[in-house]
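These notes are about the structure you will find just below.
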Protein chains: 2
Amino acid sequence: MRTSDKHTKIIEAAITVFARKGFFSARISDIAKEAQVADGTIYLYFNNKYDILISLFEEEIGKIILEVKLLMEKESDPRSMLQIFALHHMQLMEEKRELAEVLQMELRQSNKFMKEYRNTKFIEYVDVVSAIIHKGQEEGVFRKSLLPGVFKRAFFGALDETSRLWVLSPDHTYTIAEAAQQISDIFISGIMAEGQA
Amino acid sequence: MRTSDKHTKIIEAAITVFARKGFFSARISDIAKEAQVADGTIYLYFNNKYDILISLFEEEIGKIILEVKLLMEKESDPRSMLQIFALHHMQLMEEKRELAEVLQMELRQSNKFMKEYRNTKFIEYVDVVSAIIHKGQEEGVFRKSLLPGVFKRAFFGALDETSRLWVLSPDHTYTIAEAAQQISDIFISGIMAEGQA
DNA sequence: ATCTTATGAATGTGTATTCATTCATTTTTT
DNA sequence: AAAAAATGAATGAATACACATTCATAAGAT
């Protein structure tokens, strides 16, 4: 049992179990079994059940942010940046279904049972979008009247809700890429400055 | 103790308590206290804790659907219909904060712990949007290439996420009406058919 | 007097967390 | 080089507690 990172194994097991049952219905023993570890071992790596969830958030969203920021650095046109953000976000939901479910569901719930916990990683992720809008406005591509704070939520909400339902429903009348394309098209042509193509 | 509808009192209390603590952390005794009723009385009106949540969904979303459909009947321009839907949805979130929080949070969670329960009322609500798109496409106002199934999710998601955050954050840099206006503007000008104003 | 509605203490279950014990490795002693 | 001692990661049975649900009893209505 050397050479196996228990911390990572537990986090991965927790993603699977939380996705299947939800945080509250998930039992520590479920996670332990999934991770092939004793119940008590979990408490050597995490303080309690909440702590597993929070660590999971921080670490996984952290990775996503790194990826996205890297992608954004390679682009300069704000329109392409939005398109790429949309596609990347939705592909992520497709490729990492379990993680997606946990993030989408428990993110909402989390404020309730962890009053003190402010999900700063998540804010950082969504702020990538407002930064794009800001850039687009400065370059005169996007309307100045747009409120970046409204836009980032609307754009993220649109992507998130669409991918959430896509993951849930068994029969897909459209692909993830099509949906991402449609959504970024709508938003981009909806926010162009006057006189821009 | 006549003249007071216990069923309604319990539902209202449950909205308050679920909003404050979330479904899982809410205790039956909390709801009973809030409704000024004994713990056991709740079981005269509901089968169990889940049943309270489901009844709450059905009844409250039912009322909202009635309101919205009435509003839609008074309009004929698909663009105005989207605007009105957006404004109405967001005002609802402002006026009925507690209900909004419960619907937004538990709606996501609900699939997990009630596998059998399909939230048909909620689907009916969102389908109001796809009906508008369909109408707009038939009249040649909206692009034919739009997938109504994608649009309804994107539009609803945008409104929902924006209002969710508006309700959570203490300092508002914009009003609900402004946000609703911006979002419907973006979507409408983003989906117009070629050659339309 | 009977039926309906309401009460809240008691019950029972589920499960998060603890902690005494095990045992494979590593370190020290001879 | 072998034996003895120390270490601490891992275990999982035992604990402790929270809380949904029940039900014997009471209050109110007709």
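Note on naming: chains are A, B, ... as they come in the structure tokens, residues start from 1 per chain, ligands start from 1 in the order shown.
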Counting only C-alpha atoms (C1' of nucleotides), which residues in chain D sit no more than 9 Å from chain B? For each one, give the nearest pair of atoms and the distance in Å, sorted by chain then residue number, as CSV.
residue,atom,partner,partner_atom,distance
D:DC19,C1',B:Arg27,CA,7.1
D:DA20,C1',B:Ile28,CA,7.4
D:DT21,C1',B:Asn48,CA,8.2
D:DT22,C1',B:Gly40,CA,8.5
D:DG28,C1',B:Met1,CA,8.6
Contacts of Lys144 of chain A at 12 Å or less, counting only C-alpha atoms (C1' of nucleotides), minus same-chain residues fewer than 3 places along, as a compact mmCIF listing (two decimals) with C-alpha atoms, in the first residue's frame?
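Result saved to around.txt:
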# COMPACT_ATOMS: atom_id res chain seq x y z
CA ILE A 133 -16.11 41.58 -21.50
CA HIS A 134 -14.03 44.36 -20.07
CA LYS A 135 -11.36 43.80 -22.69
CA GLY A 136 -13.99 43.73 -25.45
CA GLN A 137 -15.46 47.00 -24.22
CA GLU A 138 -12.09 48.71 -24.12
CA GLU A 139 -11.41 47.61 -27.67
CA GLY A 140 -14.80 48.94 -28.73
CA VAL A 141 -16.01 45.53 -29.86
CA LEU A 147 -22.71 45.49 -17.11
CA PRO A 148 -19.87 42.94 -16.92
CA ILE A 191 -23.54 42.33 -27.33
CA MET A 192 -21.74 43.77 -30.33
CA ALA A 193 -21.21 47.50 -30.37
CA GLU A 194 -23.06 49.57 -33.00
Would you kindly return, as an mmCIF file with C-alpha atoms, in the first residue's frame, each protein, DNA or RNA residue with an atom no farther than 7 Å from any atom of segment 120-129 of chain B, considering only C-alpha atoms (C1' of nucleotides) and excluding same-chain residues fewer than 3 positions away?
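Final file, selection_22.cif:
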data_model
loop_
_atom_site.group_PDB
_atom_site.id
_atom_site.type_symbol
_atom_site.label_atom_id
_atom_site.label_comp_id
_atom_site.auth_asym_id
_atom_site.auth_seq_id
_atom_site.Cartn_x
_atom_site.Cartn_y
_atom_site.Cartn_z
ATOM 1 C CA GLU B 58 -45.890 21.468 -7.172
ATOM 2 C CA ILE B 61 -44.525 26.445 -9.254
ATOM 3 C CA GLY B 62 -48.135 25.787 -10.218
ATOM 4 C CA ILE B 65 -47.085 29.004 -14.203
ATOM 5 C CA ILE B 132 -42.109 31.698 -27.457
ATOM 6 C CA ILE B 133 -39.072 30.814 -29.585
ATOM 7 C CA LYS B 152 -34.891 27.723 -23.307
ATOM 8 C CA PHE B 156 -33.636 30.271 -18.105
#
Near chain B, which residues of chain C fall within 7 Å when you count only C-alpha atoms (C1' of nucleotides), and what do they look like as a ChimeraX atom specification?
-> /C:6-8
Determine, for each residue of chain A having at least one atom at most 10 Å from an atom of chain B, the closest pair of atoms and their separation in Å to one decimal, counting only C-alpha atoms; order by chain and ascending number, as CSV.
residue,atom,partner,partner_atom,distance
A:Phe18,CA,B:Lys112,CA,9.4
A:Ala19,CA,B:Lys112,CA,8.3
A:Arg20,CA,B:Lys112,CA,7.1
A:Lys21,CA,B:Lys112,CA,5.7
A:Gly22,CA,B:Lys112,CA,5.9
A:Phe23,CA,B:Gln109,CA,9.4
A:Phe24,CA,B:Phe24,CA,6.9
A:Ser25,CA,B:Phe113,CA,7.5
A:Glu101,CA,B:Arg108,CA,9.4
A:Val102,CA,B:Gln109,CA,9.8
A:Gln104,CA,B:Arg108,CA,7.8
A:Met105,CA,B:Arg108,CA,5.6
A:Glu106,CA,B:Gln109,CA,7.8
A:Leu107,CA,B:Met105,CA,9.1
A:Arg108,CA,B:Met105,CA,5.6
A:Gln109,CA,B:Met105,CA,5.9
A:Ser110,CA,B:Gly22,CA,9.3
A:Asn111,CA,B:Gly22,CA,9.2
A:Lys112,CA,B:Lys21,CA,5.6
A:Phe113,CA,B:Lys21,CA,6.7
A:Met114,CA,B:Lys21,CA,9.9
A:Lys115,CA,B:Lys21,CA,9.8
A:Ser145,CA,B:Gln182,CA,9.0
A:Leu146,CA,B:Gln182,CA,7.3
A:Leu147,CA,B:Gln182,CA,8.0
A:Gly149,CA,B:Thr173,CA,8.6
A:Val150,CA,B:Ala179,CA,6.3
A:Phe151,CA,B:Ile183,CA,7.7
A:Lys152,CA,B:Thr162,CA,8.7
A:Arg153,CA,B:Thr162,CA,5.2
A:Ala154,CA,B:Ala158,CA,3.9
A:Phe155,CA,B:Ala158,CA,6.2
A:Phe156,CA,B:Ala158,CA,7.2
A:Gly157,CA,B:Ala158,CA,4.5
A:Ala158,CA,B:Ala154,CA,3.9
A:Leu159,CA,B:Ala154,CA,6.5
A:Asp160,CA,B:Gly157,CA,7.1
A:Glu161,CA,B:Gly157,CA,5.0
A:Thr162,CA,B:Arg153,CA,5.2
A:Ser163,CA,B:Arg153,CA,8.9
A:Arg164,CA,B:Arg108,CA,9.2
A:Leu165,CA,B:Arg153,CA,7.9
A:Trp166,CA,B:Val150,CA,9.3
A:Leu168,CA,B:Asn111,CA,9.4
A:Thr173,CA,B:Gly149,CA,8.5
A:Tyr174,CA,B:Val150,CA,8.3
A:Glu178,CA,B:Val150,CA,9.2
A:Ala179,CA,B:Val150,CA,6.3
A:Ala180,CA,B:Val150,CA,9.3
A:Gln182,CA,B:Leu146,CA,7.3
A:Ile183,CA,B:Ala154,CA,7.0
A:Ser184,CA,B:Gly190,CA,9.5
A:Asp185,CA,B:Gly190,CA,7.2
A:Ile186,CA,B:Gly190,CA,4.3
A:Phe187,CA,B:Gly190,CA,5.9
A:Ile188,CA,B:Gly190,CA,7.1
A:Ser189,CA,B:Gly190,CA,4.8
A:Gly190,CA,B:Gly190,CA,3.8
A:Ile191,CA,B:Ile186,CA,5.9
A:Met192,CA,B:Gly190,CA,9.1
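The spacing separating atom CA of Thr175 of chain A from atom CA of Ile64 of chain A amounts to 21.6 Å.
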Tell me, in Å to one decimal, how far atom CA of Ile15 of chain A is from atom C1' of DT15 of chain C.
->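 Pair atom CA of Ile15 of chain A / atom C1' of DT15 of chain C returns 19.4 Å.
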Residue nearest Met81 of chain A among A:Ser130, A:Asn119, A:Glu34, A:Lys63 (counting only C-alpha atoms) =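 Ranking A:Ser130, A:Asn119, A:Glu34, A:Lys63 by distance to Met81 of chain A, first place goes to A:Ser130.
Using only C-alpha atoms, the smallest distance between any of B:Ala177, B:Val167, B:Ala131, B:Ala32 and Ala100 of chain B comes from B:Val167.
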Can you list, as a PyMOL selection string, every protein, DNA or RNA residue that comes within 10 Å of DT30 of chain D when you count only C-alpha atoms (C1' of nucleotides), leaving out same-chain residues fewer than 3 positions away?
-> chain C and resi 2-4
Based on the selection just made, write N, CA, C and O atoms (P, O5', C5', C4', C3', O3' and C1' of nucleotides) of those residues as a short mmCIF file (atom, residue, chain, number, x, y, z; two decimals), in the first residue's frame.
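Done, and the output landed in out05.cif:
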data_model
loop_
_atom_site.label_atom_id
_atom_site.label_comp_id
_atom_site.auth_asym_id
_atom_site.auth_seq_id
_atom_site.Cartn_x
_atom_site.Cartn_y
_atom_site.Cartn_z
P DT C 2 -71.00 6.92 22.52
"O5'" DT C 2 -70.42 7.63 21.21
"C5'" DT C 2 -71.33 8.09 20.19
"C4'" DT C 2 -70.54 8.86 19.15
"C3'" DT C 2 -69.26 8.17 18.70
"O3'" DT C 2 -69.24 8.14 17.28
"C1'" DT C 2 -68.80 10.40 19.32
P DC C 3 -68.21 7.32 16.46
"O5'" DC C 3 -67.63 8.50 15.56
"C5'" DC C 3 -68.46 9.63 15.21
"C4'" DC C 3 -67.54 10.79 14.83
"C3'" DC C 3 -66.25 10.35 14.14
"O3'" DC C 3 -66.06 11.15 12.98
"C1'" DC C 3 -65.75 11.72 15.99
P DT C 4 -64.86 10.86 12.00
"O5'" DT C 4 -64.01 12.19 12.21
"C5'" DT C 4 -64.68 13.45 12.29
"C4'" DT C 4 -63.68 14.50 12.74
"C3'" DT C 4 -62.33 14.43 12.05
"O3'" DT C 4 -62.05 15.71 11.52
"C1'" DT C 4 -62.04 14.55 14.41
#
